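Trainee: PDB, C-alpha atoms, file entry-v2.pdb:
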ATOM      1  CA  LEU A 906     -86.026  95.382 -30.825
ATOM      2  CA  ILE A 907     -83.812  97.119 -33.371
ATOM      3  CA  VAL A 908     -81.150  97.835 -30.727
ATOM      4  CA  PHE A 909     -81.397  94.249 -29.444
ATOM      5  CA  ALA A 910     -81.005  92.835 -32.968
ATOM      6  CA  TYR A 911     -78.061  95.148 -33.682
ATOM      7  CA  VAL A 912     -76.220  94.276 -30.454
ATOM      8  CA  ALA A 913     -76.998  90.553 -30.659
ATOM      9  CA  GLY A 914     -75.885  90.280 -34.289
ATOM     10  CA  ARG A 915     -72.759  92.428 -34.068
ATOM     11  CA  ARG A 916     -70.329  89.567 -33.471
ATOM     12  CA  TYR A 917     -71.934  87.511 -36.267
ATOM     13  CA  ARG A 918     -71.498  90.348 -38.750
ATOM     14  CA  ALA A 919     -67.844  90.762 -37.774
ATOM     15  CA  ALA A 920     -66.721  87.227 -38.680
ATOM     16  CA  GLU A 921     -67.697  84.492 -41.100
ATOM     17  CA  MET A 922     -67.464  81.741 -38.468
ATOM     18  CA  VAL A 923     -68.346  82.370 -34.829
ATOM     19  CA  GLU A 924     -67.565  79.877 -32.106
ATOM     20  CA  PRO A 925     -69.332  79.997 -28.733
ATOM     21  CA  ASP A 926     -67.180  81.671 -26.106
ATOM     22  CA  GLY A 927     -69.150  80.351 -23.105
ATOM     23  CA  ARG A 928     -69.907  83.807 -21.743
ATOM     24  CA  LEU A 929     -73.352  85.178 -20.971
ATOM     25  CA  SER A 930     -74.006  87.959 -23.470
ATOM     26  CA  VAL A 931     -76.799  89.455 -25.526
ATOM     27  CA  ALA A 932     -75.652  87.361 -28.503
ATOM     28  CA  PHE A 933     -75.761  84.174 -26.402
ATOM     29  CA  VAL A 934     -79.259  84.969 -25.081
ATOM     30  CA  ALA A 935     -80.493  85.706 -28.612
ATOM     31  CA  GLU A 936     -78.934  82.524 -30.015
ATOM     32  CA  TRP A 937     -80.313  80.379 -27.179
ATOM     33  CA  THR A 938     -83.796  81.912 -27.555
ATOM     34  CA  ILE A 939     -83.831  81.415 -31.325
ATOM     35  CA  ALA A 940     -82.671  77.796 -30.953
ATOM     36  CA  ARG A 941     -85.444  77.070 -28.417
ATOM     37  CA  LEU A 942     -88.065  78.742 -30.606
ATOM     38  CA  LEU A 943     -86.941  76.806 -33.671
ATOM     39  CA  GLY A 944     -87.078  73.587 -31.641
ATOM     40  CA  LEU A 945     -90.635  74.437 -30.566
ATOM     41  CA  PHE A 946     -91.733  75.120 -34.143
ATOM     42  CA  ASN A 947     -90.048  71.934 -35.394
ATOM     43  CA  SER A 948     -92.000  69.940 -32.791
ATOM     44  CA  ILE A 949     -95.299  71.459 -33.979
ATOM     45  CA  MET A 950     -94.729  71.506 -37.737
ATOM     46  CA  GLU A 951     -93.748  68.408 -39.673
ATOM     47  CA  HIS A 952     -92.095  70.524 -42.349
ATOM     48  CA  GLY A 953     -91.578  74.186 -43.130
ATOM     49  CA  ALA A 954     -90.626  75.363 -39.633
ATOM     50  CA  ARG A 955     -87.227  76.708 -40.709
ATOM     51  CA  GLU A 956     -88.675  78.370 -43.821
ATOM     52  CA  LEU A 957     -91.457  80.040 -41.800
ATOM     53  CA  PHE A 958     -89.254  80.983 -38.861
ATOM     54  CA  PHE A 959     -88.895  84.526 -40.180
ATOM     55  CA  VAL A 960     -92.633  85.028 -39.568
ATOM     56  CA  LEU A 961     -92.998  83.051 -36.348
ATOM     57  CA  GLY A 962     -89.728  84.304 -34.841
ATOM     58  CA  THR A 963     -90.592  87.910 -35.663
ATOM     59  CA  PHE A 964     -94.020  87.454 -34.082
ATOM     60  CA  SER A 965     -92.380  86.016 -30.955
ATOM     61  CA  PHE A 966     -90.073  88.967 -30.327
ATOM     62  CA  PHE A 967     -92.516  91.634 -31.525
ATOM     63  CA  ILE A 968     -95.504  90.466 -29.465
ATOM     64  CA  LEU A 969     -93.448  89.819 -26.333
ATOM     65  CA  ALA A 970     -91.786  93.252 -26.506
ATOM     66  CA  ASN A 971     -95.159  94.943 -27.050
ATOM     67  CA  ASN A 972     -96.716  93.016 -24.168
ATOM     68  CA  LEU A 973     -93.878  93.861 -21.764
ATOM     69  CA  ILE A 974     -93.968  97.569 -22.632
ATOM     70  CA  GLY A 975     -97.305  97.744 -20.817
ATOM     71  CA  LEU A 976     -95.590  96.873 -17.521
ATOM     72  CA  ILE A 977     -93.583 100.106 -17.601
ATOM     73  CA  PRO A 978     -95.512 102.748 -15.626
ATOM     74  CA  GLY A 979     -97.087 105.304 -17.955
ATOM     75  CA  PHE A 980     -96.986 103.063 -21.034
ATOM     76  CA  ASN A 981     -99.836 101.158 -22.653
ATOM     77  CA  PRO A 982     -99.041  97.872 -24.412
ATOM     78  CA  PRO A 983     -99.577  98.235 -28.173
ATOM     79  CA  THR A 984    -101.192  94.788 -28.087
ATOM     80  CA  ASP A 985    -104.200  96.216 -26.256
ATOM     81  CA  GLN A 986    -105.132  97.994 -29.499
ATOM     82  CA  PHE A 987    -107.266  96.199 -32.067
ATOM     83  CA  ASN A 988    -105.346  97.703 -34.980
ATOM     84  CA  VAL A 989    -102.188  95.872 -33.809
ATOM     85  CA  THR A 990    -103.749  92.520 -32.916
ATOM     86  CA  VAL A 991    -105.974  92.387 -36.013
ATOM     87  CA  THR A 992    -102.988  93.176 -38.248
ATOM     88  CA  LEU A 993    -100.950  90.358 -36.687
ATOM     89  CA  ALA A 994    -103.878  87.947 -37.023
ATOM     90  CA  LEU A 995    -104.429  88.890 -40.677
ATOM     91  CA  ILE A 996    -100.742  88.324 -41.429
ATOM     92  CA  THR A 997    -101.077  84.823 -39.947
ATOM     93  CA  PHE A 998    -104.290  84.201 -41.902
ATOM     94  CA  CYS A 999    -102.897  85.378 -45.256
ATOM     95  CA  THR A1000     -99.567  83.588 -44.754
ATOM     96  CA  ALA A1001    -101.281  80.299 -43.892
ATOM     97  CA  HIS A1002    -103.450  80.309 -47.010
ATOM     98  CA  THR A1003    -100.644  81.555 -49.250
ATOM     99  CA  ILE A1004     -98.294  78.751 -48.230
ATOM    100  CA  GLY A1005    -101.167  76.267 -48.477
ATOM    101  CA  ILE A1006    -101.920  77.281 -52.063
ATOM    102  CA  ARG A1007     -98.212  77.280 -52.962
ATOM    103  CA  ALA A1008     -97.754  73.797 -51.461
ATOM    104  CA  HIS A1009    -100.882  72.152 -52.901
ATOM    105  CA  GLY A1010    -102.028  74.295 -55.803
ATOM    106  CA  PHE A1011    -105.708  74.017 -56.645
ATOM    107  CA  ALA A1012    -105.872  70.808 -54.570
ATOM    108  CA  TYR A1013    -105.752  73.060 -51.485
ATOM    109  CA  VAL A1014    -109.532  73.405 -51.880
ATOM    110  CA  LYS A1015    -109.859  69.706 -50.948
ATOM    111  CA  LYS A1016    -108.956  70.635 -47.369
ATOM    112  CA  PHE A1017    -112.286  72.402 -47.105
ATOM    113  CA  MET A1018    -114.327  69.495 -48.527
ATOM    114  CA  GLY A1019    -113.953  66.953 -45.748
ATOM    115  CA  PRO A1020    -112.881  63.319 -45.990
ATOM    116  CA  LEU A1021    -115.881  62.047 -47.995
ATOM    117  CA  TRP A1022    -117.234  63.551 -51.219
ATOM    118  CA  TRP A1023    -120.881  63.228 -50.230
ATOM    119  CA  ILE A1024    -120.492  65.422 -47.109
ATOM    120  CA  ALA A1025    -118.597  68.156 -49.016
ATOM    121  CA  PRO A1026    -121.694  70.422 -49.336
ATOM    122  CA  LEU A1027    -122.004  70.375 -45.534
ATOM    123  CA  MET A1028    -118.276  70.563 -44.719
ATOM    124  CA  PHE A1029    -117.330  73.365 -47.120
ATOM    125  CA  PRO A1030    -119.336  76.187 -45.440
ATOM    126  CA  ILE A1031    -118.351  74.934 -41.987
ATOM    127  CA  GLU A1032    -114.651  74.919 -42.931
ATOM    128  CA  ILE A1033    -114.877  78.368 -44.547
ATOM    129  CA  ILE A1034    -116.497  79.823 -41.423
ATOM    130  CA  SER A1035    -113.947  78.149 -39.130
ATOM    131  CA  HIS A1036    -111.067  79.582 -41.178
ATOM    132  CA  LEU A1037    -112.594  83.066 -41.267
ATOM    133  CA  VAL A1038    -113.029  83.013 -37.479
ATOM    134  CA  ARG A1039    -109.322  82.299 -36.899
ATOM    135  CA  PRO A1040    -108.123  85.912 -37.279
ATOM    136  CA  LEU A1041    -110.932  87.092 -35.016
ATOM    137  CA  SER A1042    -110.065  84.569 -32.297
ATOM    138  CA  LEU A1043    -106.329  85.344 -32.502
ATOM    139  CA  SER A1044    -106.827  89.110 -32.323
ATOM    140  CA  VAL A1045    -109.548  89.147 -29.649
ATOM    141  CA  ARG A1046    -107.657  86.711 -27.396
ATOM    142  CA  LEU A1047    -104.469  88.772 -27.444
ATOM    143  CA  PHE A1048    -106.339  92.096 -27.168
ATOM    144  CA  GLY A1049    -108.602  90.951 -24.328
ATOM    145  CA  ASN A1050    -105.928  89.358 -22.175
ATOM    146  CA  MET A1051    -103.463  92.221 -22.516
ATOM    147  CA  THR A1052    -106.155  94.855 -21.881
ATOM    148  CA  GLY A1053    -107.421  92.990 -18.818
ATOM    149  CA  ASP A1054    -103.946  92.476 -17.396
ATOM    150  CA  HIS A1055    -103.033  96.134 -17.920
ATOM    151  CA  LYS A1056    -106.259  97.311 -16.246
ATOM    152  CA  VAL A1057    -105.642  95.098 -13.193
ATOM    153  CA  VAL A1058    -102.109  96.468 -12.735
ATOM    154  CA  ALA A1059    -103.366 100.049 -13.224
ATOM    155  CA  VAL A1060    -106.168  99.653 -10.650
ATOM    156  CA  PHE A1061    -103.906  98.202  -7.957
ATOM    157  CA  SER A1062    -101.200 100.771  -8.715
ATOM    158  CA  SER A1063    -103.726 103.566  -8.174
ATOM    159  CA  LEU A1064    -104.808 102.060  -4.816
ATOM    160  CA  LEU A1065    -101.324 101.771  -3.390
ATOM    161  CA  ALA A1066     -98.320 102.705  -5.469
ATOM    162  CA  LEU A1067     -95.719 100.985  -3.258
ATOM    163  CA  GLY A1068     -95.671  97.253  -2.634
ATOM    164  CA  LEU A1069     -99.163  96.164  -3.633
ATOM    165  CA  PRO A1070     -98.703  96.178  -7.447
ATOM    166  CA  VAL A1071     -95.537  93.999  -7.286
ATOM    167  CA  PRO A1072     -97.338  90.589  -7.382
ATOM    168  CA  PHE A1073     -99.532  91.860 -10.191
ATOM    169  CA  MET A1074     -96.461  93.012 -12.118
ATOM    170  CA  GLY A1075     -95.155  89.445 -11.818
ATOM    171  CA  LEU A1076     -98.504  88.205 -13.063
ATOM    172  CA  GLY A1077     -98.219  90.703 -15.922
ATOM    173  CA  VAL A1078     -94.841  89.275 -16.956
ATOM    174  CA  PHE A1079     -96.324  85.772 -16.889
ATOM    175  CA  VAL A1080     -99.355  86.840 -18.950
ATOM    176  CA  SER A1081     -97.075  88.611 -21.453
ATOM    177  CA  PHE A1082     -95.037  85.458 -22.051
ATOM    178  CA  LEU A1083     -98.126  83.221 -22.034
ATOM    179  CA  GLN A1084    -100.038  85.287 -24.590
ATOM    180  CA  THR A1085     -96.978  85.443 -26.842
ATOM    181  CA  PHE A1086     -96.672  81.664 -26.602
ATOM    182  CA  VAL A1087    -100.376  81.110 -27.351
ATOM    183  CA  PHE A1088    -100.295  83.388 -30.404
ATOM    184  CA  ILE A1089     -97.199  81.818 -31.972
ATOM    185  CA  LEU A1090     -98.377  78.306 -31.076
ATOM    186  CA  LEU A1091    -101.712  78.804 -32.831
ATOM    187  CA  SER A1092     -99.995  80.474 -35.803
ATOM    188  CA  ALA A1093     -97.653  77.482 -36.142
ATOM    189  CA  VAL A1094    -100.634  75.101 -35.917
ATOM    190  CA  TYR A1095    -102.427  77.024 -38.675
ATOM    191  CA  PHE A1096     -99.313  76.920 -40.865
ATOM    192  CA  GLN A1097     -98.941  73.183 -40.251
ATOM    193  CA  ASP A1098    -102.615  72.672 -41.099
ATOM    194  CA  ALA A1099    -102.160  74.546 -44.383
ATOM    195  CA  LEU A1100     -99.038  72.566 -45.340
ATOM    196  CA  ALA A1101    -100.278  69.109 -44.283
ATOM    197  CA  HIS A1102    -101.399  66.812 -47.079
ATOM    198  CA  PRO A1103    -105.055  65.749 -46.781
ATOM    199  CA  HIS A1104    -105.616  62.024 -46.337
TER
END
As structure tokens - that is how I would like this structure written.

Mentor:
Amino acid sequence: LIVFAYVAGRRYRAAEMVEPDGRLSVAFVAEWTIARLLGLFNSIMEHGARELFFVLGTFSFFILANNLIGLIPGFNPPTDQFNVTVTLALITFCTAHTIGIRAHGFAYVKKFMGPLWWIAPLMFPIEIISHLVRPLSLSVRLFGNMTGDHKVVAVFSSLLALGLPVPFMGLGVFVSFLQTFVFILLSAVYFQDALAHPH
């Protein structure tokens, strides 16, 4: 990721204004990917997508790279370790509540009370539990899917090293992209939920 960022950003560091040259390059791929990701986050979040792109964009590249590493023979994906997935989920959890408190102040607590004052005693514990479960669901989903996918590829590779694992490697690439998408999509939804004004 560091090499990719260095190569992709080299032409932007060299000049103040960069015009597209129409050629396929690492910089073009990076720019196109970032533009698509920002468009996705703008479609999910009413406001704050550009300000939170540093978190969501970093998650996108980091999780995808870690997922794809597991497809290289002899490597395990770091995302099949709980210490990685739980850390990512806790960053999402803490960021969501931090931006919620910064956006709403003490009124952020109203999000946990429900729409009517008389059901607040029932809604508050339910909302607290649902928010505390979010990091668990994010981390377990990513961990479980990446572990399962890696085990399937490993089993079929041990049965027949030539030919047979190829379809499962393709499935592994698909799962890697899908799990990255699911994680960043849910993170963006949680951020939007924290920033949205209660009605």

Trainee: One decimal, Å: what's the distance from atom CA of Phe1017 of chain A over to atom CA of His1102 of chain A, could you say?

Mentor: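 Rounded to one decimal, the two atoms are 12.2 Å apart.
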
Trainee: Which value, in Å to one decimal, gives the distance between atom CA of Tyr911 of chain A and atom CA of Phe1079 of chain A?

Mentor: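 Separation of atom CA of Tyr911 of chain A and atom CA of Phe1079 of chain A: 26.5 Å.
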
Trainee: How many Å separate atom CA of Ser930 of chain A from atom CA of Tyr917 of chain A?

Mentor: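 Calculated distance between atom CA of Ser930 of chain A and atom CA of Tyr917 of chain A is 13.0 Å.
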
Trainee: Could you tell me which of A:Tyr1095, A:Phe946, A:Phe933, A:Tyr1013 comes closest to Phe959 of chain A if we count only C-alpha atoms?

Mentor: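 Comparing A:Tyr1095, A:Phe946, A:Phe933, A:Tyr1013 against Phe959 of chain A, the winner is A:Phe946.
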
Trainee: Assuming the chain letters and numbering stay as they are in my file, what does the PyMOL selection byres ((chain A and resi 907) around 12) actually select? List them as a list in words.

Mentor: Leu906, Val908, Phe909, Ala910, Tyr911, Val912, Ala913, Gly914, Thr963, Phe966, Phe967 and Ala970 of chain A

Trainee: Could you work out an axis-aligned box for segment 944-952 of chain A, taking every atom the file lists and adding 6 Å on each side, and report centre and edge lengths in Å to one decimal, as AutoDock Vina command-line options?

Mentor:
--center_x -91.2 --center_y 71.8 --center_z -36.5 --size_x 20.2 --size_y 18.7 --size_z 23.8

Trainee: So which one's closest to His952 of chain A, A:Ile1034, A:Leu1090, A:Leu1064, A:Ala1008? Using all atoms listed in the file, please.

Mentor: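 Result for the nearest residue to His952 of chain A: A:Ala1008.
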
Trainee: What do you get, as number ranges by chain, if you spell out every residue that the PyMOL selection byres ((chain A and resi 1098) around 10) selects here?

Mentor: A: 950-951, 1001-1002, 1005, 1016, 1092-1097, 1099-1103

Trainee: Fewer than 4 positions away in the same chain doesn't count, so skip those; otherwise give me all residues within 10 Å of Asn988 of chain A, counting only C-alpha atoms, as a PyMOL selection string.

Mentor: chain A and resi 983-984+992-993+1044+1048

Trainee: When you write segment 1037-1053 of chain A out from the block above, keep N, CA, C and O atoms and present the result as a PDB file, in the first residue's frame, please.

Mentor:
ATOM      1  N   LEU A1037     -23.684  -1.454  20.796  1.00  0.00           N
ATOM      2  CA  LEU A1037     -22.544  -2.224  21.293  1.00  0.00           C
ATOM      3  C   LEU A1037     -22.302  -3.487  20.464  1.00  0.00           C
ATOM      4  O   LEU A1037     -21.181  -4.000  20.418  1.00  0.00           O
ATOM      5  N   VAL A1038     -23.345  -3.987  19.814  1.00  0.00           N
ATOM      6  CA  VAL A1038     -23.210  -5.192  18.994  1.00  0.00           C
ATOM      7  C   VAL A1038     -22.565  -4.879  17.643  1.00  0.00           C
ATOM      8  O   VAL A1038     -21.987  -5.766  17.014  1.00  0.00           O
ATOM      9  N   ARG A1039     -22.608  -3.629  17.213  1.00  0.00           N
ATOM     10  CA  ARG A1039     -22.075  -3.261  15.901  1.00  0.00           C
ATOM     11  C   ARG A1039     -20.615  -3.659  15.703  1.00  0.00           C
ATOM     12  O   ARG A1039     -20.270  -4.254  14.673  1.00  0.00           O
ATOM     13  N   PRO A1040     -19.704  -3.348  16.643  1.00  0.00           N
ATOM     14  CA  PRO A1040     -18.320  -3.781  16.421  1.00  0.00           C
ATOM     15  C   PRO A1040     -18.175  -5.293  16.343  1.00  0.00           C
ATOM     16  O   PRO A1040     -17.369  -5.807  15.568  1.00  0.00           O
ATOM     17  N   LEU A1041     -18.976  -6.006  17.140  1.00  0.00           N
ATOM     18  CA  LEU A1041     -18.919  -7.464  17.117  1.00  0.00           C
ATOM     19  C   LEU A1041     -19.364  -7.992  15.755  1.00  0.00           C
ATOM     20  O   LEU A1041     -18.706  -8.856  15.162  1.00  0.00           O
ATOM     21  N   SER A1042     -20.469  -7.448  15.230  1.00  0.00           N
ATOM     22  CA  SER A1042     -20.969  -7.931  13.940  1.00  0.00           C
ATOM     23  C   SER A1042     -20.002  -7.590  12.812  1.00  0.00           C
ATOM     24  O   SER A1042     -19.763  -8.421  11.922  1.00  0.00           O
ATOM     25  N   LEU A1043     -19.418  -6.395  12.837  1.00  0.00           N
ATOM     26  CA  LEU A1043     -18.447  -6.017  11.801  1.00  0.00           C
ATOM     27  C   LEU A1043     -17.230  -6.937  11.832  1.00  0.00           C
ATOM     28  O   LEU A1043     -16.789  -7.433  10.789  1.00  0.00           O
ATOM     29  N   SER A1044     -16.686  -7.164  13.021  1.00  0.00           N
ATOM     30  CA  SER A1044     -15.452  -7.950  13.126  1.00  0.00           C
ATOM     31  C   SER A1044     -15.692  -9.426  12.834  1.00  0.00           C
ATOM     32  O   SER A1044     -14.905 -10.058  12.127  1.00  0.00           O
ATOM     33  N   VAL A1045     -16.773  -9.991  13.354  1.00  0.00           N
ATOM     34  CA  VAL A1045     -17.040 -11.419  13.145  1.00  0.00           C
ATOM     35  C   VAL A1045     -17.371 -11.705  11.686  1.00  0.00           C
ATOM     36  O   VAL A1045     -16.937 -12.719  11.129  1.00  0.00           O
ATOM     37  N   ARG A1046     -18.111 -10.811  11.030  1.00  0.00           N
ATOM     38  CA  ARG A1046     -18.464 -11.014   9.624  1.00  0.00           C
ATOM     39  C   ARG A1046     -17.207 -11.057   8.753  1.00  0.00           C
ATOM     40  O   ARG A1046     -17.034 -11.969   7.936  1.00  0.00           O
ATOM     41  N   LEU A1047     -16.339 -10.082   8.928  1.00  0.00           N
ATOM     42  CA  LEU A1047     -15.114 -10.039   8.126  1.00  0.00           C
ATOM     43  C   LEU A1047     -14.210 -11.228   8.461  1.00  0.00           C
ATOM     44  O   LEU A1047     -13.699 -11.896   7.551  1.00  0.00           O
ATOM     45  N   PHE A1048     -14.031 -11.500   9.744  1.00  0.00           N
ATOM     46  CA  PHE A1048     -13.184 -12.627  10.175  1.00  0.00           C
ATOM     47  C   PHE A1048     -13.716 -13.950   9.632  1.00  0.00           C
ATOM     48  O   PHE A1048     -12.971 -14.745   9.048  1.00  0.00           O
ATOM     49  N   GLY A1049     -15.003 -14.200   9.814  1.00  0.00           N
ATOM     50  CA  GLY A1049     -15.588 -15.483   9.425  1.00  0.00           C
ATOM     51  C   GLY A1049     -15.531 -15.727   7.929  1.00  0.00           C
ATOM     52  O   GLY A1049     -15.159 -16.825   7.481  1.00  0.00           O
ATOM     53  N   ASN A1050     -15.876 -14.720   7.147  1.00  0.00           N
ATOM     54  CA  ASN A1050     -15.888 -14.911   5.696  1.00  0.00           C
ATOM     55  C   ASN A1050     -14.485 -15.090   5.133  1.00  0.00           C
ATOM     56  O   ASN A1050     -14.272 -15.905   4.234  1.00  0.00           O
ATOM     57  N   MET A1051     -13.529 -14.325   5.634  1.00  0.00           N
ATOM     58  CA  MET A1051     -12.167 -14.451   5.119  1.00  0.00           C
ATOM     59  C   MET A1051     -11.525 -15.766   5.571  1.00  0.00           C
ATOM     60  O   MET A1051     -10.804 -16.407   4.806  1.00  0.00           O
ATOM     61  N   THR A1052     -11.804 -16.196   6.792  1.00  0.00           N
ATOM     62  CA  THR A1052     -11.275 -17.478   7.272  1.00  0.00           C
ATOM     63  C   THR A1052     -11.864 -18.621   6.460  1.00  0.00           C
ATOM     64  O   THR A1052     -11.137 -19.518   6.010  1.00  0.00           O
ATOM     65  N   GLY A1053     -13.180 -18.594   6.258  1.00  0.00           N
ATOM     66  CA  GLY A1053     -13.838 -19.648   5.488  1.00  0.00           C
ATOM     67  C   GLY A1053     -13.343 -19.720   4.060  1.00  0.00           C
ATOM     68  O   GLY A1053     -13.057 -20.814   3.538  1.00  0.00           O
TER      69      GLY A1053
END
